[in-house]
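In what follows, a single structure is set out as structure tokens and then discussed.
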2 protein chains.
Amino acid sequence: MKTSPSSSVSRPRVLIIGCGFGGLEAARHLRKADVDITIVEKTNHHLFQPLLYQVATAGLAAPSIAAPTRLLFREQRNVTTLLGEVVEILPATQEAVLADGLRLGYDHLIVAAGSTHSYFGNDQWAEFAPGLKTLADAFQIRSHVLMSFEQAEKESDPVRQRALLTFVVIGGGPTGVEMAGTLAEIARHTLEGEFRRIDPASSEILLVEGGSRVLQAMPESLSQKAREQLERLGVKVRLGARVTSIDATGLQVTVDGQDERIPSYCVIWAAGVAASPLGKLMATATGAESDRAGRVKVEPDLSLAAHPEISVVGDLAAAMSYVPGKEPKPVPGVSPGAKQMGRAAAANILLRIAGRPTKPFRYADYGNLATIGRNSAVVDLETPFGALRFSGKPAWLFWLFAHVYFLIGFRNRFVVLMDWASAYWSFQRHARVVADVGASGKSES
Amino acid sequence: MKTSPSSSVSRPRVLIIGCGFGGLEAARHLRKADVDITIVEKTNHHLFQPLLYQVATAGLAAPSIAAPTRLLFREQRNVTTLLGEVVEILPATQEAVLADGLRLGYDHLIVAAGSTHSYFGNDQWAEFAPGLKTLADAFQIRSHVLMSFEQAEKESDPVRQRALLTFVVIGGGPTGVEMAGTLAEIARHTLEGEFRRIDPASSEILLVEGGSRVLQAMPESLSQKAREQLERLGVKVRLGARVTSIDATGLQVTVDGQDERIPSYCVIWAAGVAASPLGKLMATATGAESDRAGRVKVEPDLSLAAHPEISVVGDLAAAMSYVPGKEPKPVPGVSPGAKQMGRAAAANILLRIAGRPTKPFRYADYGNLATIGRNSAVVDLETPFGALRFSGKPAWLFWLFAHVYFLIGFRNRFVVLMDWASAYWSFQRHARVVADVGASGKSES
């Protein structure tokens with residue numbers, strides 16, 4: 001197993017690590033290029049992460065937001081897809097090494113390995129407060145949430161029962177806000193009338209945020225709106241609350257100096273994002289700098305100073321946007337950023353192959369939007385005429401169609417729209433299926 | 001946690017163990033009855049098992065064939081649903097004990113715990129040849145199948161690669177035939193053009209059956225048709241082949257005295273069915289007899305001789321069908337049988353409550369049908385005018401609409417039809433998603 005997939009070919013070999021938004025767009029941009037592309041990916045699918053919380057909250061089935069990577073590149077004959085995890089990068093020999101020992105040689109490397117959740121050095125919390133990055137995460141959270149209600153229905157001790165009906169989301173970013181809002185909808189509406197001994201509507205949904213407002217990437221006015229909409233949905237928003245410990249029966253928070261214990265058996269982590277471990281690995285291998293979050297600092301053209309044949313894009317890159325005549329601005333860790341970086345890195349590879357100078361990356365910011373729950377969202381659009389900000393139902397409809405539009409595949413767009421329509425009118429969520437209620441907490445669908 | 005859910009109520013307490021076809025129909029039959037029903041189920045959903053192989057072969061997402069038990073009984077106010085596993089039945093005190101210690105008292109008990117797969121005393125085979133009974137099984141098989149192709153694409157050793165592209169289904173019953181036929185379709189059509197170093201169409205799909213024909217519950221002529229259709233789809237049917245061992249790299253079979261080794265990394269078990277372990281447990285507790293497959297022998301009215309307050313239905317029951325003037329005939333282990341037994345047991349409970357004599361069970365046999373794959377199925381209908389037998393595309397269409405008709409929920413019927421239509425025209429299967437490619441082989445969607 002020590003052969004490189006393209007070594008037999010003389011065309012430039014482009015290796016892309018990861019098939020999230022960055023990797024996918026890079027490979028697509030090279031669709032007509034006279035190169036041999038190898039995509040190596042840890043999973044067998046491209047995941048539409050903006051809707052992952054819908055899988056976690058049983059609103060959508062996994063296949064609706066995940067497309068097999070192979071299928072996406074079936075017609076693009078210059079792409080070879082390999083399933084595997086890169087454990088080492090050897091800049092000297094220009095090879096990437098997979099966990100199973102397979103070595104992939106490259107002439108140009110695009111690292112788009114993305115990010116994972118960070119517990120800020122408290123990795124022991126992961127066991128009690130799962131984060132949401134992969135489908136496996138989503139199934140675990142789905143199971144965890146649904147099983148809490150099941151346990152509560154069987155519980156005779158009122159104190160334990162109350163804790164089982166207390167759901168805590170840590171982190172007031174887009175994911176945390178979406179999760180909290182949707183959990184409130186599940187408790188208030190979806191499960192209505194299905195239990196005989198508990199009232200799901202009596203559940204407490206807490207959103208714990210260390211900062212002074214939710215959605216800090218948004219303008220203050222929209223943060224305020226988001227908070228109001230969350231509270232209207234029945235979410236208790238706890239700002240300025242710092243988490244000091246999490247265990248099997250709840251968590252400890254500090255609010256202006258005061259310690260507080262929150263008993264809960266279902267805590268969801270949406271607080272910290274860290275770059276893929278590959279970041280540090282590369283920094284060591286290439287001498288590149290990495291920032292606090294473990295993201296690799298890149299040149300204006302997204303390559304590495306010491307290794308122009310290596311580019312880093314997406315959440316793994318600490319990249320800046322260069323607009324002529326303006327101060328460089330950091331690129332936000334959102335999917336449009338990853339897509340644009342992927343295309344830019346691919347374009348620069350073509351320039352390099354043509355022996356022409358590369359171009360600095362310029363991020364086109366179309367704004368920012370976040371959904372909160374039923375009929376609630378906030379939108380902050382950058383338009384040629386200035387910022388356009390709105391919230392509530394119009395923002396929610398805008399969010400809905402924007403996301404359906406960017407989904408891959410007609411069938412998925414269609415089914416997602418249908419599931420959302422039926423969920424909207426029936427308050428039901430059709431993916432409330434837990435395949436394995438074992439201790440693993442794993443669930444599937 | 002030692003309280004019984006209905007002990008506070010004076011109405012007769014009906015406890016139903018299991019929410020497959022038998023348990024579901026029993027509870028529904030009692031919808032207007034003045035009783036308190038408790039359904040205790042190991043999973044949180046009712047599974048439409050006839051289409052489980054479609055989840056295992058990535059044709060359908062799990063939520064399309066699994067409905068949350070609570071949702072099904074939301075409007076039936078005399079039903080309480082509890083998630084849990086019954087580990088003990090105490091006929092003396094009329095209680096069932098759950099794994100978590102909860103005790104459920106009953107006046108009438110319907111045991112509908114179903115069946116699991118049997119490895120005929122070779123449980124060590126389970127690790128290498130998973131069976132197909134639950135959603136978790138289906139996800140494991142889906143992962144196993146898709147990962148075999150992924151591994152083959154990376155494999156440089158031609159011998160190992162060949163073994164990775166050899167898929168063996170053990171057992172020529174309906175499930176085995178469906179699995180083998182669908183695997184052939186995946187290899188020949190679904191994955192076409194997606195790999196660069198292997199040709200999935202070169203895969204070998206073997207159906208290994210110990211008997212002299214497939215679908216032995218069917219008339220011989222249809223078995224012959226099924227075999228021909230399987231071979232047309234590219235399945236190698238090996239009849240009279242007895243499996244003597246299965247390990248991580250393949251299996252050993254004996255064909256008329258000759259030992260043969262089949263190297264394969266993907267073996268699927270569809271051979272043996274055994275009653276739920278609850279069967280033996282009950283036999284011991286109640287003194288009831290159980291047969292070789294561990295099924296509990298029941299009275300004509302589906303109750304236990306020594307405990308008329310306990311009925312057994314579905315795959316767990318060794319039941320006979322009583323047609324006046326005819327010899328009693330064993331009830332086949334098919335979903336119509338389970339449904340009819342469930343209704344009959346419920347009806348007999350109402351008669352018993354009314355102080356009237358119970359009725360012997362009579363199985364209405366509407367015939368038998370099995371699908372083989374694209375455009376292929378066999379149907380053997382019992383009509384007032386005699387048996388109606390057909391095969392091929394008409395049988396396949398009949399099978400298709402019959403299954404969609406019996407699916408629960410409009411959304412599911414609709415999405416399943418749509419997925420089948422798109423699969424039919426595009427040869428695609430939309431649920432090719434593996435969430436966790438870890439050693440566990442677990443996958444989700």
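Note on naming: chains are A, B, ... as they come in the structure tokens, residues start from 1 per chain, ligands start from 1 in the order shown.
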Which of region 134-368 of chain A fall in alpha helix (DSSP H), as number ranges by chain: A: 135-154, 158-164, 174-185, 220-232, 278-286, 335-353
Wanna dump the chain B-chain A contacts at 7 Å for me, each residue with its shortest atom pair and the distance in Å to one decimal, counting only C-alpha atoms, ordered by chain and number, as JSON lines?
{"residue": "B:Met1", "atom": "CA", "partner": "A:Ser156", "partner_atom": "CA", "distance": 5.8}
{"residue": "B:Thr43", "atom": "CA", "partner": "A:Val437", "partner_atom": "CA", "distance": 6.8}
{"residue": "B:Asn44", "atom": "CA", "partner": "A:Val434", "partner_atom": "CA", "distance": 6.4}
{"residue": "B:His45", "atom": "CA", "partner": "A:Val433", "partner_atom": "CA", "distance": 6.3}
{"residue": "B:Ala61", "atom": "CA", "partner": "A:Ser445", "partner_atom": "CA", "distance": 6.3}
{"residue": "B:Ala62", "atom": "CA", "partner": "A:Ser445", "partner_atom": "CA", "distance": 4.9}
{"residue": "B:Pro63", "atom": "CA", "partner": "A:Ala431", "partner_atom": "CA", "distance": 5.1}
{"residue": "B:Ala66", "atom": "CA", "partner": "A:Val433", "partner_atom": "CA", "distance": 6.8}
{"residue": "B:Pro68", "atom": "CA", "partner": "A:Arg432", "partner_atom": "CA", "distance": 6.2}
{"residue": "B:Arg70", "atom": "CA", "partner": "A:Glu194", "partner_atom": "CA", "distance": 5.6}
{"residue": "B:Leu71", "atom": "CA", "partner": "A:Glu194", "partner_atom": "CA", "distance": 6.3}
{"residue": "B:Arg74", "atom": "CA", "partner": "A:Glu194", "partner_atom": "CA", "distance": 4.7}
{"residue": "B:Thr80", "atom": "CA", "partner": "A:Arg196", "partner_atom": "CA", "distance": 6.2}
{"residue": "B:Leu82", "atom": "CA", "partner": "A:Lys154", "partner_atom": "CA", "distance": 7.0}
{"residue": "B:Leu83", "atom": "CA", "partner": "A:Glu150", "partner_atom": "CA", "distance": 6.4}
{"residue": "B:Leu135", "atom": "CA", "partner": "A:Ala435", "partner_atom": "CA", "distance": 5.3}
{"residue": "B:Ala136", "atom": "CA", "partner": "A:Ala435", "partner_atom": "CA", "distance": 5.2}
{"residue": "B:Glu150", "atom": "CA", "partner": "A:Leu83", "partner_atom": "CA", "distance": 6.4}
{"residue": "B:Lys154", "atom": "CA", "partner": "A:Leu82", "partner_atom": "CA", "distance": 7.0}
{"residue": "B:Glu155", "atom": "CA", "partner": "A:Met1", "partner_atom": "CA", "distance": 6.5}
{"residue": "B:Ser156", "atom": "CA", "partner": "A:Met1", "partner_atom": "CA", "distance": 5.7}
{"residue": "B:Gly193", "atom": "CA", "partner": "A:Arg74", "partner_atom": "CA", "distance": 6.0}
{"residue": "B:Glu194", "atom": "CA", "partner": "A:Arg74", "partner_atom": "CA", "distance": 4.7}
{"residue": "B:Arg196", "atom": "CA", "partner": "A:Thr80", "partner_atom": "CA", "distance": 6.1}
{"residue": "B:His430", "atom": "CA", "partner": "A:Pro63", "partner_atom": "CA", "distance": 6.5}
{"residue": "B:Ala431", "atom": "CA", "partner": "A:Pro63", "partner_atom": "CA", "distance": 5.1}
{"residue": "B:Arg432", "atom": "CA", "partner": "A:Pro68", "partner_atom": "CA", "distance": 6.2}
{"residue": "B:Val433", "atom": "CA", "partner": "A:Pro63", "partner_atom": "CA", "distance": 6.2}
{"residue": "B:Val434", "atom": "CA", "partner": "A:Asn44", "partner_atom": "CA", "distance": 6.4}
{"residue": "B:Ala435", "atom": "CA", "partner": "A:Ala136", "partner_atom": "CA", "distance": 5.3}
{"residue": "B:Asp436", "atom": "CA", "partner": "A:Ala136", "partner_atom": "CA", "distance": 6.0}
{"residue": "B:Val437", "atom": "CA", "partner": "A:Thr43", "partner_atom": "CA", "distance": 6.8}
{"residue": "B:Glu444", "atom": "CA", "partner": "A:Glu444", "partner_atom": "CA", "distance": 4.8}
{"residue": "B:Ser445", "atom": "CA", "partner": "A:Ser445", "partner_atom": "CA", "distance": 3.7}
If you count only C-alpha atoms, which residues fall within 7 Å of Glu85 (chain A), apart from same-chain ones fewer than 2 positions away, as a short mmCIF file (atom, residue, chain, number, x, y, z; two decimals) with C-alpha atoms, in the first residue's frame?
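Wrote result_2.cif, looks like this:
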data_model
loop_
_atom_site.label_atom_id
_atom_site.label_comp_id
_atom_site.auth_asym_id
_atom_site.auth_seq_id
_atom_site.Cartn_x
_atom_site.Cartn_y
_atom_site.Cartn_z
CA GLU A 41 -11.50 12.90 3.00
CA LYS A 42 -12.21 11.36 6.41
CA VAL A 87 -1.72 11.81 9.77
CA LEU A 98 -2.66 8.34 5.56
CA ALA A 99 -3.44 6.48 8.77
#
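The smallest atom-to-atom distance between Lys225 (chain B) and any of B:Glu25, B:Gly392, B:Ser290, B:Val35, using only C-alpha atoms, is found for B:Gly392.
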Contacts of Leu30 (chain B) within 9 Å, only C-alpha atoms, excl. fewer than 4 positions in-chain, as a PyMOL selection string: chain B and resi 25-26+34-35+37+78+343+346-347+350
Atom pair CA of Ala112 (chain B) / CA of Arg413 (chain B): separation (Å): 25.5 Å
